[in-house]
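Colleague: Below is the file protein12.cif, which contains mmCIF, C-alpha atoms.
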data_final
#
loop_
_atom_site.label_atom_id
_atom_site.label_comp_id
_atom_site.auth_asym_id
_atom_site.auth_seq_id
_atom_site.Cartn_x
_atom_site.Cartn_y
_atom_site.Cartn_z
CA MET A 19 166.72 131.35 64.25
CA ALA A 20 170.13 131.78 65.81
CA ALA A 21 170.42 134.16 68.75
CA LYS A 22 172.26 137.41 68.14
CA PRO A 23 175.77 137.58 69.56
CA GLY A 24 175.74 138.99 73.09
CA ALA A 25 171.96 138.50 73.54
CA ALA A 26 170.77 136.81 76.75
CA THR A 27 169.39 133.32 76.38
CA PRO A 28 165.65 133.37 77.17
CA THR A 29 164.69 131.20 80.12
CA TYR A 30 161.38 130.27 81.77
CA SER A 31 160.96 130.91 85.47
CA PRO A 32 157.58 129.98 87.04
CA LYS A 33 156.16 132.57 89.35
CA LEU A 34 155.50 131.36 92.90
CA VAL A 35 152.03 132.41 93.89
CA GLY A 36 151.17 132.48 97.59
CA SER A 37 148.40 130.26 98.89
CA SER A 38 145.06 132.03 98.63
CA ARG A 39 142.83 129.11 99.64
CA LEU A 40 139.83 130.25 101.61
CA PRO A 41 139.03 128.52 104.92
CA ILE A 42 136.27 125.91 104.82
CA PHE A 43 134.45 127.28 107.84
CA LYS A 44 133.95 130.86 108.93
CA ASP A 45 134.23 131.90 112.55
CA SER A 46 130.48 132.49 112.64
CA ASP A 47 129.89 128.87 111.51
CA LEU A 48 131.75 127.50 114.52
CA ASP A 49 129.99 129.62 117.10
CA TRP A 50 127.04 127.37 117.82
CA SER A 51 126.14 124.35 119.91
CA ARG A 52 124.38 121.13 118.96
CA PRO A 53 121.05 120.16 120.53
CA ASP A 54 122.82 117.82 122.95
CA GLY A 55 125.20 120.56 124.11
CA ARG A 56 128.27 119.52 122.12
CA GLY A 57 130.38 122.07 120.29
CA PHE A 58 130.99 122.11 116.55
CA HIS A 59 134.13 119.93 116.64
CA GLN A 60 133.13 117.62 119.50
CA CYS A 61 132.39 113.96 118.78
CA ARG A 62 129.80 111.99 120.68
CA PRO A 63 131.03 109.83 123.56
CA ALA A 64 131.21 106.26 122.32
CA LEU A 65 131.43 102.76 123.79
CA LEU A 66 131.43 99.21 122.43
CA GLN A 67 131.08 96.01 124.43
CA THR A 68 131.25 92.40 123.28
CA GLY A 69 129.40 89.41 124.71
CA ALA A 70 126.19 91.29 125.42
CA VAL A 71 123.93 88.32 124.58
CA SER A 72 125.02 84.99 126.06
CA SER A 73 122.69 82.87 123.93
CA ALA A 74 124.09 84.19 120.63
CA SER A 75 127.16 82.96 118.75
CA GLY A 76 128.49 86.50 119.02
CA SER A 77 127.12 89.86 120.07
CA ALA A 78 128.00 93.47 120.71
CA TYR A 79 126.48 96.50 122.39
CA ALA A 80 127.18 100.05 121.21
CA GLU A 81 126.51 103.49 122.58
CA PHE A 82 127.20 106.49 120.40
CA GLY A 83 125.88 109.54 122.21
CA ASN A 84 122.20 108.89 122.84
CA THR A 85 122.06 106.12 120.23
CA LYS A 86 122.10 102.63 121.76
CA VAL A 87 122.27 99.48 119.65
CA ILE A 88 122.64 95.78 120.37
CA VAL A 89 123.55 93.24 117.67
CA SER A 90 123.30 89.44 117.92
CA VAL A 91 124.87 86.99 115.47
CA PHE A 92 123.71 83.37 115.10
CA GLY A 93 125.52 80.79 113.02
CA PRO A 94 126.89 79.56 110.82
CA ARG A 95 123.94 77.18 111.03
CA GLU A 96 121.89 75.09 108.66
CA SER A 97 119.65 77.19 106.50
CA LYS A 98 115.93 76.87 107.25
CA LYS A 99 115.12 77.44 103.58
CA ALA A 100 115.80 74.58 101.18
CA MET A 101 118.54 75.65 98.82
CA VAL A 102 120.77 74.06 96.22
CA PHE A 103 124.33 73.37 97.42
CA SER A 104 126.48 76.44 97.09
CA ASP A 105 130.17 77.00 97.59
CA VAL A 106 129.42 80.15 99.57
CA GLY A 107 127.29 80.78 102.62
CA ARG A 108 124.27 82.98 103.06
CA LEU A 109 123.94 86.19 105.09
CA ASN A 110 120.67 87.41 106.56
CA CYS A 111 120.39 90.85 108.18
CA ASN A 112 117.54 92.43 110.09
CA VAL A 113 117.39 95.89 111.68
CA SER A 114 114.50 96.72 114.01
CA TYR A 115 113.58 99.33 116.59
CA THR A 116 112.15 98.90 120.07
CA THR A 117 108.80 100.43 120.92
CA PHE A 118 110.52 103.08 123.04
CA ALA A 119 113.44 103.88 120.69
CA SER A 120 111.93 107.12 119.45
CA PRO A 121 108.55 108.84 119.70
CA THR A 122 108.51 109.33 115.92
CA ILE A 123 109.10 105.66 115.04
CA GLY A 124 106.31 103.09 115.06
CA GLN A 125 106.23 100.28 117.60
CA GLY A 126 108.46 97.33 116.76
CA THR A 127 109.30 98.82 113.37
CA ASP A 128 111.41 96.74 110.97
CA HIS A 129 113.49 98.88 108.66
CA LYS A 130 113.87 96.94 105.41
CA GLU A 131 115.98 99.72 103.90
CA TYR A 132 118.40 99.67 106.83
CA SER A 133 118.47 95.87 106.71
CA SER A 134 119.40 95.99 103.04
CA MET A 135 122.14 98.57 103.67
CA LEU A 136 123.56 96.51 106.53
CA HIS A 137 123.63 93.43 104.31
CA LYS A 138 125.39 95.34 101.54
CA ALA A 139 127.99 96.69 103.97
CA LEU A 140 128.77 93.29 105.55
CA GLU A 141 128.71 90.96 102.56
CA GLY A 142 131.90 92.47 101.16
CA VAL A 143 134.01 91.77 104.26
CA ILE A 144 132.72 88.33 105.29
CA MET A 145 134.51 85.30 103.80
CA MET A 146 131.32 83.64 102.61
CA GLU A 147 133.21 80.68 101.15
CA THR A 148 134.25 79.54 104.65
CA PHE A 149 130.75 78.31 105.53
CA PRO A 150 129.14 76.74 102.41
CA LYS A 151 125.42 75.88 102.47
CA THR A 152 124.94 77.47 105.87
CA THR A 153 123.54 80.77 107.05
CA VAL A 154 124.75 83.56 109.31
CA ASP A 155 121.95 85.65 110.81
CA VAL A 156 122.61 89.19 112.04
CA PHE A 157 119.92 90.83 114.17
CA ALA A 158 120.35 94.50 115.09
CA LEU A 159 118.03 96.12 117.61
CA VAL A 160 118.07 99.89 118.12
CA LEU A 161 117.26 100.44 121.79
CA GLU A 162 117.37 104.22 121.59
CA SER A 163 117.52 106.39 118.50
CA GLY A 164 119.66 109.49 118.95
CA GLY A 165 120.85 109.97 115.37
CA SER A 166 123.41 108.22 113.14
CA ASP A 167 121.57 104.94 113.74
CA LEU A 168 122.78 103.09 110.65
CA SER A 169 126.46 103.91 111.11
CA VAL A 170 126.35 102.66 114.70
CA VAL A 171 124.51 99.50 113.62
CA ILE A 172 127.14 98.70 110.96
CA SER A 173 130.08 99.25 113.30
CA CYS A 174 128.42 97.24 116.07
CA ALA A 175 127.52 94.40 113.69
CA SER A 176 131.12 94.16 112.52
CA LEU A 177 132.32 93.67 116.09
CA ALA A 178 129.55 91.13 116.79
CA LEU A 179 130.66 89.08 113.77
CA ALA A 180 134.23 89.11 115.04
CA ASP A 181 132.98 88.03 118.47
CA ALA A 182 131.18 85.11 116.81
CA GLY A 183 134.40 83.99 115.12
CA ILE A 184 133.10 84.63 111.61
CA MET A 185 136.00 84.84 109.17
CA MET A 186 136.31 88.35 107.73
CA TYR A 187 138.80 90.22 105.60
CA ASP A 188 138.73 93.12 108.05
CA LEU A 189 136.51 94.97 110.49
CA ILE A 190 134.18 97.51 108.96
CA THR A 191 133.15 100.89 110.34
CA ALA A 192 130.75 103.56 109.15
CA VAL A 193 130.21 107.30 109.34
CA SER A 194 127.22 109.57 108.86
CA VAL A 195 127.55 112.80 106.89
CA VAL A 196 125.55 115.98 107.36
CA CYS A 197 125.59 119.16 105.31
CA ALA A 198 126.07 122.32 107.34
CA CYS A 199 126.19 125.99 106.37
CA TYR A 200 124.88 125.27 102.86
CA ASN A 201 128.22 124.55 101.17
CA SER A 202 130.19 122.86 103.97
CA CYS A 203 130.15 119.25 105.06
CA ILE A 204 131.05 117.77 108.38
CA HIS A 205 130.89 114.16 109.37
CA SER A 206 129.99 112.44 112.58
CA SER A 207 132.32 109.48 112.92
CA ALA A 208 131.64 106.07 114.39
CA LEU A 209 135.26 105.05 113.95
CA SER A 210 136.79 105.56 117.36
CA PHE A 211 135.28 103.29 119.98
CA LYS A 212 136.72 102.03 123.23
CA VAL A 213 136.28 98.28 123.03
CA ILE A 214 135.74 96.46 126.31
CA SER A 215 134.33 93.08 127.29
CA ILE A 216 131.42 92.46 129.62
CA GLY A 217 132.65 92.39 133.19
CA GLU A 218 135.65 94.68 132.64
CA GLU A 219 135.81 98.13 134.10
CA CYS A 220 135.74 101.09 131.75
#
Written as structure tokens, that's how I'd like the structure from this file.
Modeller:
Amino acid sequence: MAAKPGAATPTYSPKLVGSSRLPIFKDSDLDWSRPDGRGFHQCRPALLQTGAVSSASGSAYAEFGNTKVIVSVFGPRESKKAMVFSDVGRLNCNVSYTTFASPTIGQGTDHKEYSSMLHKALEGVIMMETFPKTTVDVFALVLESGGSDLSVVISCASLALADAGIMMYDLITAVSVVCACYNSCIHSSALSFKVISIGEEC
């Protein structure tokens, strides 16, 4: 239909609505301290060192709060198990705990689930085709368990592989996530470490 003479042409003007997004955390959620004395937004003090084990091809030591981990890497070396020639190498991972790591963990416990998760995290960043028919062994030992064990192990193992000269696409880091206040999530990060070598001053 044609508009009547003198009538205003209808136009569309979107209405600007002010932001009404609710804050993620309430003030009452932030007013508490963690068991180790840290505040809600405080990260754990962290440290990484390379060259912790002289007999290994590469190694790293990590402290993340009260969690202390040491990772040793051996290889590439000839596989002990007979295997058909393959264009890609083989990765073995083992995560274990010391007898004094935690009072709730059994003596000398091997965590097969953690070992499997570590293997899954590392196999995607290692250039396996650079060492055909050989094996790289990664041994992670949790000296003290203070929480976020797996994320510290993964980050430490990545640095140990780099120290061993294993070809990788990139370094890998990990975080642990915890649910707080029912519907809110915060994460404890293992991303920011100060990397130093044995013998250097902090």
Colleague: How many Å separate CA of Ser104 (chain A) from CA of Ile172 (chain A)?
Modeller: 26.2 Å
Colleague: Counting all atoms listed in the file, which residue out of A:Ser73, A:Ser51, A:Ser90, A:Ser133 sits closest to Ala180 (chain A)?
Modeller: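 Nearest to Ala180 (chain A): A:Ser90.
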Colleague: So how far away is CA of Val87 (chain A) from CA of Gly57 (chain A), in Å?
Modeller: 24.0 Å
Colleague: Written as a list in words, which residues does the PyMOL selection byres ((chain A and resi 134) around 12) give for the file shown?
Modeller: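 On the file shown, the PyMOL selection byres ((chain A and resi 134) around 12) covers Leu109, Asn110, Cys111, Asn112, Val113, Asp128, His129, Lys130, Glu131, Tyr132, Ser133, Met135, Leu136, His137, Lys138, Ala139, Leu140, Glu141, Val156, Leu168 and Ile172 of chain A.
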Colleague: List the spatial neighbours of Pro94 (chain A) as a list in words - criterion: any atom at most 6 Å away, only C-alpha atoms, same-chain residues fewer than 2 positions off excluded.
Modeller: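 Once the nearby chain positions are removed, what remains is Thr152, Thr153 and Val154 of chain A.
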